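Heads up, my_file_29.csv below (CSV, C-alpha atoms):
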chain,number,residue,atom,x,y,z
A,24,MET,CA,-1.9,-32.0,-13.1
A,25,PRO,CA,-4.1,-29.0,-12.0
A,26,ALA,CA,-4.4,-26.2,-14.6
A,27,LEU,CA,-4.8,-23.5,-11.9
A,28,LYS,CA,-2.3,-23.1,-9.2
A,29,PRO,CA,-3.0,-21.7,-5.7
A,30,THR,CA,-0.8,-18.8,-4.7
A,31,GLU,CA,0.1,-17.4,-1.3
A,32,PHE,CA,-1.9,-14.3,-2.1
A,33,ALA,CA,-5.3,-13.4,-0.8
A,34,ALA,CA,-7.6,-10.3,-1.1
A,35,GLU,CA,-9.8,-9.2,1.8
A,36,VAL,CA,-13.3,-8.1,0.8
A,37,VAL,CA,-13.8,-4.6,2.3
A,38,TRP,CA,-16.9,-3.4,0.4
A,39,ILE,CA,-19.8,-5.0,-1.5
A,40,GLY,CA,-22.4,-3.3,-3.7
A,41,ALA,CA,-24.9,-4.0,-6.5
A,42,LEU,CA,-25.8,-1.8,-9.4
A,43,GLU,CA,-29.6,-2.2,-9.5
A,44,THR,CA,-30.4,0.2,-12.3
A,45,ASP,CA,-29.9,0.2,-16.0
A,46,ASP,CA,-29.9,4.0,-16.0
A,47,ARG,CA,-26.3,4.8,-16.8
A,48,THR,CA,-26.7,8.4,-15.7
A,49,ALA,CA,-27.5,7.3,-12.2
A,50,LEU,CA,-24.4,5.1,-11.8
A,51,LYS,CA,-24.3,4.2,-8.1
A,52,SER,CA,-24.2,0.8,-6.5
A,53,GLU,CA,-26.3,0.0,-3.5
A,54,LEU,CA,-24.3,-1.1,-0.4
A,55,ARG,CA,-24.7,-4.7,0.6
A,56,SER,CA,-23.2,-6.9,3.3
A,57,HIS,CA,-23.0,-10.0,1.1
A,58,LEU,CA,-23.6,-11.3,-2.4
A,59,ASP,CA,-25.3,-14.6,-3.2
A,60,LEU,CA,-23.6,-15.5,-6.5
A,61,THR,CA,-25.3,-17.7,-9.1
A,62,PHE,CA,-24.1,-18.7,-12.6
A,63,GLU,CA,-26.2,-15.8,-13.8
A,64,GLY,CA,-24.4,-13.3,-11.5
A,65,ILE,CA,-26.3,-11.4,-8.9
A,66,ALA,CA,-30.1,-11.4,-9.0
A,67,GLY,CA,-31.6,-8.0,-9.5
A,68,GLU,CA,-28.3,-6.5,-10.6
A,69,CYS,CA,-28.1,-4.8,-14.0
A,70,HIS,CA,-25.2,-7.0,-15.2
A,71,HIS,CA,-27.2,-10.2,-14.3
A,72,GLY,CA,-27.5,-12.9,-16.9
A,73,LEU,CA,-25.6,-15.7,-18.7
A,74,THR,CA,-25.4,-13.6,-21.8
A,75,ARG,CA,-25.2,-9.9,-22.6
A,76,PRO,CA,-25.4,-7.8,-25.8
A,77,SER,CA,-21.9,-7.0,-27.1
A,78,CYS,CA,-20.7,-3.5,-26.7
A,79,SER,CA,-17.9,-1.2,-28.0
A,80,ARG,CA,-15.3,-3.1,-25.9
A,81,VAL,CA,-15.6,-6.1,-28.2
A,82,SER,CA,-16.5,-4.3,-31.5
A,83,SER,CA,-13.5,-5.9,-33.2
A,84,GLN,CA,-15.1,-9.3,-32.7
A,85,TYR,CA,-18.9,-8.8,-33.0
A,86,PRO,CA,-21.4,-6.4,-34.4
A,87,LYS,CA,-22.8,-4.2,-31.5
A,88,GLY,CA,-25.8,-5.9,-29.8
A,89,THR,CA,-24.7,-9.5,-30.6
A,90,ALA,CA,-25.6,-12.0,-27.8
A,91,ILE,CA,-22.4,-13.1,-26.2
A,92,LYS,CA,-21.3,-14.9,-22.9
A,93,ASN,CA,-21.6,-12.4,-20.0
A,94,GLU,CA,-18.1,-12.1,-18.8
A,95,ARG,CA,-18.9,-8.8,-17.1
A,96,GLN,CA,-21.2,-10.0,-14.3
A,97,LEU,CA,-19.0,-8.4,-11.6
A,98,SER,CA,-16.8,-5.3,-11.4
A,99,ILE,CA,-14.0,-5.8,-8.8
A,100,ILE,CA,-11.8,-3.0,-7.7
A,101,SER,CA,-8.9,-2.6,-5.3
A,102,GLU,CA,-9.0,-0.2,-2.4
A,103,GLU,CA,-5.3,0.7,-2.9
A,104,GLU,CA,-5.8,1.5,-6.6
A,105,LEU,CA,-8.9,3.5,-5.8
A,106,MET,CA,-6.9,5.6,-3.4
A,107,GLN,CA,-4.4,6.3,-6.2
A,108,ILE,CA,-7.2,7.3,-8.5
A,109,ALA,CA,-8.6,9.7,-5.9
A,110,ALA,CA,-5.1,11.3,-5.4
A,111,LYS,CA,-4.8,11.8,-9.1
A,112,MET,CA,-8.2,13.5,-9.2
A,113,GLY,CA,-7.4,15.7,-6.2
A,114,LEU,CA,-10.0,14.0,-4.0
A,115,ASP,CA,-9.6,12.7,-0.5
A,116,THR,CA,-11.6,9.6,-1.2
A,117,ILE,CA,-13.8,8.0,-3.8
A,118,ASP,CA,-17.0,6.1,-2.9
A,119,PRO,CA,-16.7,2.7,-4.7
A,120,ALA,CA,-20.5,2.9,-5.2
A,121,ARG,CA,-19.9,5.8,-7.6
A,122,LEU,CA,-18.0,3.4,-9.9
A,123,GLY,CA,-20.9,0.9,-10.1
A,124,ALA,CA,-18.6,-1.6,-8.4
A,125,THR,CA,-19.6,-4.9,-7.1
A,126,ILE,CA,-16.7,-5.8,-4.8
A,127,MET,CA,-13.8,-3.9,-3.4
A,128,VAL,CA,-10.8,-5.8,-2.1
A,129,ARG,CA,-7.7,-4.9,-0.1
A,130,GLY,CA,-4.2,-6.4,0.0
A,131,LEU,CA,-3.5,-7.7,-3.5
A,132,PRO,CA,-0.7,-5.9,-5.3
A,133,ASP,CA,-1.1,-4.9,-9.0
A,134,PHE,CA,-4.7,-6.0,-8.8
A,135,THR,CA,-5.8,-4.6,-12.2
A,136,PHE,CA,-3.3,-6.9,-13.9
A,137,LEU,CA,-4.3,-10.2,-12.4
A,138,PRO,CA,-3.9,-12.7,-15.3
A,139,PRO,CA,-7.1,-13.3,-17.2
A,140,SER,CA,-8.7,-16.6,-16.1
A,141,SER,CA,-7.4,-16.2,-12.5
A,142,ARG,CA,-9.8,-17.4,-9.9
A,143,LEU,CA,-10.8,-15.6,-6.6
A,144,GLN,CA,-12.3,-18.1,-4.2
A,145,ALA,CA,-14.3,-17.3,-1.1
A,146,PRO,CA,-14.4,-19.5,2.0
A,147,SER,CA,-17.9,-20.6,1.0
A,148,GLY,CA,-16.5,-22.0,-2.2
A,149,ALA,CA,-18.0,-19.1,-4.3
A,150,THR,CA,-15.5,-18.5,-7.1
A,151,VAL,CA,-15.2,-15.8,-9.7
A,152,THR,CA,-13.1,-15.9,-12.9
A,153,VAL,CA,-11.2,-12.8,-13.9
A,154,ASP,CA,-12.0,-11.9,-17.4
A,155,MET,CA,-9.7,-8.9,-18.0
A,156,GLU,CA,-8.8,-5.4,-17.0
A,157,ASN,CA,-11.9,-3.2,-16.7
A,158,ARG,CA,-11.3,-0.1,-18.9
A,159,PRO,CA,-12.1,3.3,-17.3
A,160,CYS,CA,-15.5,4.8,-18.3
A,161,HIS,CA,-16.6,8.4,-18.8
A,162,LEU,CA,-19.8,7.7,-17.0
A,163,VAL,CA,-18.0,7.5,-13.7
A,164,THR,CA,-16.9,11.1,-14.1
A,165,ARG,CA,-20.5,12.2,-14.2
A,166,SER,CA,-21.3,10.0,-11.2
A,167,LEU,CA,-18.4,11.6,-9.2
A,168,GLN,CA,-19.5,15.1,-10.3
A,169,ALA,CA,-22.9,14.5,-8.7
A,170,GLU,CA,-21.1,14.1,-5.4
A,171,HIS,CA,-18.0,16.3,-5.7
A,172,GLY,CA,-19.0,19.0,-8.3
A,173,PRO,CA,-16.7,20.0,-11.2
A,174,LEU,CA,-13.5,18.0,-11.4
A,175,ASP,CA,-10.2,19.1,-12.9
A,176,VAL,CA,-9.2,15.5,-13.9
A,177,THR,CA,-11.6,13.0,-15.4
A,178,PHE,CA,-12.0,9.5,-14.0
A,179,LYS,CA,-11.1,8.0,-17.3
A,180,ALA,CA,-7.7,9.7,-17.3
A,181,ALA,CA,-6.9,9.1,-13.6
A,182,ALA,CA,-8.0,5.4,-13.6
A,183,LYS,CA,-5.9,4.2,-16.5
A,184,ASN,CA,-4.3,0.9,-15.4
A,185,LEU,CA,-6.0,1.1,-12.0
A,186,ARG,CA,-9.7,0.4,-12.8
A,187,GLY,CA,-9.8,-3.2,-11.5
A,188,VAL,CA,-11.2,-6.2,-13.4
A,189,THR,CA,-14.4,-7.7,-14.7
A,190,ALA,CA,-15.3,-11.2,-13.7
A,191,TRP,CA,-17.9,-13.9,-14.0
A,192,VAL,CA,-19.2,-16.6,-11.6
A,193,ALA,CA,-17.4,-19.9,-11.9
A,194,ALA,CA,-18.9,-21.5,-8.8
A,195,GLU,CA,-22.0,-20.4,-6.9
A,196,GLY,CA,-22.0,-19.4,-3.3
A,197,ARG,CA,-21.9,-16.4,-0.9
A,198,ILE,CA,-19.3,-13.7,-0.7
A,199,GLU,CA,-19.3,-11.5,2.5
A,200,VAL,CA,-17.5,-8.4,3.7
A,201,GLY,CA,-14.5,-9.6,5.6
A,202,ASP,CA,-14.0,-12.7,3.5
A,203,ARG,CA,-10.5,-13.5,2.3
A,204,LEU,CA,-10.5,-14.5,-1.4
A,205,SER,CA,-7.7,-16.9,-2.2
A,206,VAL,CA,-6.0,-16.3,-5.6
A,207,HIS,CA,-5.4,-19.1,-8.1
A,208,ILE,CA,-3.7,-18.3,-11.4
A,209,PRO,CA,-3.3,-20.3,-14.7
A,210,ASP,CA,-0.3,-22.6,-14.6
A,211,GLN,CA,1.3,-21.5,-17.8
A,212,ARG,CA,4.1,-19.3,-19.0
A,213,PRO,CA,3.3,-15.8,-20.4
A,214,TRP,CA,2.4,-15.7,-24.1
A,215,GLN,CA,5.4,-15.0,-26.4
A,216,PRO,CA,4.1,-14.5,-29.9
A,217,THR,CA,7.5,-13.6,-31.3
A,218,GLN,CA,9.2,-16.7,-29.9
A,219,GLY,CA,11.1,-18.6,-32.6

As C-alpha coordinates - that is how I would like this structure written.
Amino acid sequence: MPALKPTEFAAEVVWIGALETDDRTALKSELRSHLDLTFEGIAGECHHGLTRPSCSRVSSQYPKGTAIKNERQLSIISEEELMQIAAKMGLDTIDPARLGATIMVRGLPDFTFLPPSSRLQAPSGATVTVDMENRPCHLVTRSLQAEHGPLDVTFKAAAKNLRGVTAWVAAEGRIEVGDRLSVHIPDQRPWQPTQG
(Lines of atoms letter the chains of each structure in order from A and count residues from 1; the text may use other names and numbers.)
(Lines give C-alpha, C1' and ligand atoms only; values in the text may rest on other atoms or scores of the structure.)
Protein backbone atom coordinates (compact mmCIF):
# COMPACT_ATOMS: atom_id res chain seq x y z
CA MET A 1 0.00 0.00 0.00
CA PRO A 2 1.47 3.41 -0.97
CA ALA A 3 2.62 5.58 1.93
CA LEU A 4 1.88 8.79 0.01
CA LYS A 5 -1.54 9.43 -1.45
CA PRO A 6 -2.20 11.64 -4.47
CA THR A 7 -4.72 14.42 -3.87
CA GLU A 8 -6.98 16.34 -6.23
CA PHE A 9 -4.95 19.48 -5.48
CA ALA A 10 -2.28 21.03 -7.67
CA ALA A 11 -0.23 24.21 -7.52
CA GLU A 12 0.66 26.25 -10.60
CA VAL A 13 4.25 27.51 -10.75
CA VAL A 14 3.99 31.25 -11.44
CA TRP A 15 7.51 32.45 -10.59
CA ILE A 16 10.98 30.91 -10.27
CA GLY A 17 14.21 32.36 -8.91
CA ALA A 18 17.56 31.41 -7.43
CA LEU A 19 19.46 33.08 -4.60
CA GLU A 20 22.97 33.16 -6.02
CA THR A 21 24.76 35.01 -3.22
CA ASP A 22 25.68 34.15 0.36
CA ASP A 23 25.54 37.87 1.22
CA ARG A 24 22.48 37.96 3.47
CA THR A 25 22.32 41.76 3.29
CA ALA A 26 21.76 41.49 -0.48
CA LEU A 27 18.83 39.08 -0.21
CA LYS A 28 17.34 38.95 -3.70
CA SER A 29 16.73 35.96 -5.94
CA GLU A 30 17.56 36.11 -9.64
CA LEU A 31 14.59 35.48 -11.94
CA ARG A 32 14.67 32.21 -13.92
CA SER A 33 12.35 30.46 -16.37
CA HIS A 34 13.12 26.99 -15.01
CA LEU A 35 15.13 25.07 -12.42
CA ASP A 36 17.08 21.90 -13.07
CA LEU A 37 16.87 20.15 -9.73
CA THR A 38 19.48 17.64 -8.58
CA PHE A 39 19.75 15.80 -5.29
CA GLU A 40 22.01 18.65 -4.16
CA GLY A 41 19.38 21.26 -5.00
CA ILE A 42 20.08 23.99 -7.57
CA ALA A 43 23.61 24.37 -8.92
CA GLY A 44 25.05 27.80 -8.12
CA GLU A 45 22.35 28.60 -5.55
CA CYS A 46 23.44 29.50 -2.02
CA HIS A 47 21.32 26.71 -0.49
CA HIS A 48 22.89 24.08 -2.77
CA GLY A 49 24.30 20.93 -1.17
CA LEU A 50 23.41 17.60 0.39
CA THR A 51 24.31 18.95 3.82
CA ARG A 52 24.33 22.33 5.52
CA PRO A 53 25.62 23.74 8.80
CA SER A 54 22.90 23.76 11.45
CA CYS A 55 21.45 27.15 12.39
CA SER A 56 19.28 28.67 15.12
CA ARG A 57 16.17 26.92 13.71
CA VAL A 58 17.48 23.56 14.98
CA SER A 59 19.46 24.74 18.00
CA SER A 60 17.41 22.46 20.28
CA GLN A 61 18.80 19.47 18.37
CA TYR A 62 22.39 20.37 17.37
CA PRO A 63 25.18 22.76 18.32
CA LYS A 64 25.27 25.62 15.77
CA GLY A 65 27.42 24.71 12.76
CA THR A 66 26.89 20.93 12.98
CA ALA A 67 26.76 19.30 9.52
CA ILE A 68 23.17 18.09 8.96
CA LYS A 69 21.01 16.96 6.00
CA ASN A 70 20.07 19.98 3.89
CA GLU A 71 16.30 20.08 4.12
CA ARG A 72 16.31 23.78 3.13
CA GLN A 73 17.40 23.48 -0.53
CA LEU A 74 14.28 25.30 -1.73
CA SER A 75 12.04 28.06 -0.40
CA ILE A 76 8.52 27.81 -1.82
CA ILE A 77 5.90 30.49 -1.32
CA SER A 78 2.28 31.02 -2.27
CA GLU A 79 1.16 33.96 -4.39
CA GLU A 80 -2.06 34.23 -2.40
CA GLU A 81 -0.21 34.29 0.93
CA LEU A 82 2.32 36.81 -0.37
CA MET A 83 -0.59 39.09 -1.28
CA GLN A 84 -1.87 38.80 2.31
CA ILE A 85 1.59 39.71 3.64
CA ALA A 86 1.77 42.74 1.32
CA ALA A 87 -1.65 43.94 2.52
CA LYS A 88 -0.58 43.63 6.18
CA MET A 89 2.53 45.70 5.38
CA GLY A 90 0.57 48.37 3.49
CA LEU A 91 2.21 47.48 0.17
CA ASP A 92 0.47 46.96 -3.16
CA THR A 93 2.73 44.04 -3.98
CA ILE A 94 5.89 42.24 -2.87
CA ASP A 95 8.47 40.95 -5.32
CA PRO A 96 9.09 37.26 -4.44
CA ALA A 97 12.76 37.83 -5.28
CA ARG A 98 13.00 40.03 -2.16
CA LEU A 99 12.21 36.98 -0.01
CA GLY A 100 15.06 34.94 -1.47
CA ALA A 101 12.38 32.58 -2.79
CA THR A 102 12.97 29.72 -5.19
CA ILE A 103 9.42 28.97 -6.37
CA MET A 104 6.11 30.80 -6.09
CA VAL A 105 2.92 28.82 -6.65
CA ARG A 106 -0.73 29.69 -7.06
CA GLY A 107 -3.93 27.83 -6.29
CA LEU A 108 -3.12 25.74 -3.22
CA PRO A 109 -5.13 26.73 -0.12
CA ASP A 110 -3.39 26.98 3.27
CA PHE A 111 -0.06 26.44 1.52
CA THR A 112 2.21 27.18 4.48
CA PHE A 113 0.61 24.32 6.41
CA LEU A 114 1.05 21.54 3.89
CA PRO A 115 1.88 18.47 5.98
CA PRO A 116 5.61 17.88 6.40
CA SER A 117 6.79 15.11 4.05
CA SER A 118 4.20 16.04 1.38
CA ARG A 119 5.48 15.84 -2.18
CA LEU A 120 5.05 18.39 -4.97
CA GLN A 121 5.61 16.69 -8.32
CA ALA A 122 6.20 18.37 -11.69
CA PRO A 123 5.22 16.89 -15.08
CA SER A 124 8.91 16.09 -15.66
CA GLY A 125 8.91 13.85 -12.59
CA ALA A 126 10.95 16.35 -10.59
CA THR A 127 9.69 16.05 -7.03
CA VAL A 128 10.33 18.07 -3.90
CA THR A 129 9.60 17.02 -0.33
CA VAL A 130 8.13 19.61 2.02
CA ASP A 131 10.24 19.84 5.17
CA MET A 132 8.17 22.28 7.21
CA GLU A 133 6.87 25.82 7.54
CA ASN A 134 9.52 28.40 6.70
CA ARG A 135 9.68 30.82 9.60
CA PRO A 136 9.70 34.55 8.75
CA CYS A 137 13.11 36.20 8.80
CA HIS A 138 14.15 39.75 9.73
CA LEU A 139 16.50 39.86 6.72
CA VAL A 140 13.52 40.14 4.36
CA THR A 141 12.51 43.44 6.00
CA ARG A 142 15.91 44.89 5.07
CA SER A 143 15.55 43.60 1.51
CA LEU A 144 12.07 45.13 1.20
CA GLN A 145 13.27 48.45 2.63
CA ALA A 146 15.86 48.61 -0.16
CA GLU A 147 12.93 48.71 -2.60
CA HIS A 148 10.14 50.43 -0.62
CA GLY A 149 11.94 52.58 1.96
CA PRO A 150 10.93 52.60 5.65
CA LEU A 151 8.11 50.21 6.56
CA ASP A 152 5.55 50.55 9.35
CA VAL A 153 5.19 46.76 9.74
CA THR A 154 8.08 44.30 9.63
CA PHE A 155 8.01 41.32 7.32
CA LYS A 156 8.51 38.99 10.28
CA ALA A 157 5.29 40.23 11.94
CA ALA A 158 3.23 40.31 8.73
CA ALA A 159 4.38 36.90 7.44
CA LYS A 160 3.56 34.82 10.52
CA ASN A 161 1.85 31.61 9.31
CA LEU A 162 2.11 32.82 5.68
CA ARG A 163 5.82 32.37 4.83
CA GLY A 164 5.56 29.17 2.80
CA VAL A 165 7.69 26.07 3.23
CA THR A 166 11.21 24.80 2.89
CA ALA A 167 11.79 21.71 0.79
CA TRP A 168 14.44 19.35 -0.55
CA VAL A 169 14.78 17.46 -3.83
CA ALA A 170 13.37 13.93 -3.73
CA ALA A 171 13.57 13.21 -7.49
CA GLU A 172 15.69 15.06 -10.03
CA GLY A 173 14.27 16.88 -13.03
CA ARG A 174 13.14 20.24 -14.36
CA ILE A 175 10.50 22.60 -12.98
CA GLU A 176 9.30 25.40 -15.26
CA VAL A 177 7.05 28.42 -14.96
CA GLY A 178 3.56 27.21 -15.89
CA ASP A 179 4.05 23.68 -14.54
CA ARG A 180 1.29 22.22 -12.39
CA LEU A 181 2.72 20.53 -9.34
CA SER A 182 0.58 17.65 -8.13
CA VAL A 183 0.25 17.31 -4.36
CA HIS A 184 0.82 14.00 -2.55
CA ILE A 185 0.41 13.79 1.21
CA PRO A 186 1.40 11.18 3.81
CA ASP A 187 -1.29 8.52 4.21
CA GLN A 188 -1.58 8.75 8.00
CA ARG A 189 -3.79 10.26 10.65
CA PRO A 190 -2.64 13.43 12.48
CA TRP A 191 -0.34 12.85 15.45
CA GLN A 192 -2.28 12.68 18.75
CA PRO A 193 0.28 12.53 21.58
CA THR A 194 -2.39 12.71 24.32
CA GLN A 195 -4.41 9.82 22.94
CA GLY A 196 -5.03 7.11 25.59

Discussion item. Calculated over all atoms listed in the file, which of the candidates A:Val163, A:Gly172, A:Leu185, A:Arg158 has the smallest distance to Val81 in chain A?
Written reply: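 Once distances to Val81 in chain A are computed over all atoms listed in the file, the minimum belongs to A:Arg158.
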
Fill in: Straight-line distance linking CA of Ile208 in chain A with CA of Thr152 in chain A, stated in Å to one decimal
9.8 Å

Response to the item:
Counting only C-alpha atoms, closest pick from A:Glu94, A:Glu53, A:Asp210, A:Glu43 relative to Ala120 in chain A is A:Glu53

Discussion item. Show me, as a VMD selection string, the residues that have an atom within 8 Å of range 62-75 of chain A when counting all atoms listed in the file, minus same-chain residues fewer than 2 positions from it.
Written reply: chain A and resid 41 to 45 58 to 60 77 90 to 93 95 to 97 191 to 195

Discussion item. Between A:Pro138, A:Met112, A:Ala145, A:Glu103, which residue has the minimum interatomic distance to Trp214 in chain A, considering only C-alpha atoms?
Written reply: A:Pro138

Within 7 Å of Thr89 in chain A, counting only C-alpha atoms, which residues qualify if same-chain residues fewer than 3 places away don't, as a PDB file with C-alpha atoms, in the frame of the given file?
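part36.pdb written:
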ATOM      1  CA  PRO A  76     -25.400  -7.800 -25.800  1.00  0.00           C
ATOM      2  CA  SER A  77     -21.900  -7.000 -27.100  1.00  0.00           C
ATOM      3  CA  TYR A  85     -18.900  -8.800 -33.000  1.00  0.00           C
ATOM      4  CA  PRO A  86     -21.400  -6.400 -34.400  1.00  0.00           C
TER       5      PRO A  86
END

Item to complete: Enter the distance from CA of Pro159 in chain A to CA of Phe32 in chain A, in Å, rounded to one decimal.
Response: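 Separation between CA of Pro159 in chain A and CA of Phe32 in chain A: 25.4 Å.
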
Worksheet item: With distances taken over only C-alpha atoms, which of A:Arg142, A:Ala182, A:Ser205, A:Pro216 is nearest to Met106 in chain A?
Response: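 Nearest candidate to Met106 in chain A out of A:Arg142, A:Ala182, A:Ser205, A:Pro216: A:Ala182.
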
Fill in: Atom pair CA of Met127 in chain A / CA of Ala33 in chain A: separation (Å)
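A separation of 13.0 Å between them.
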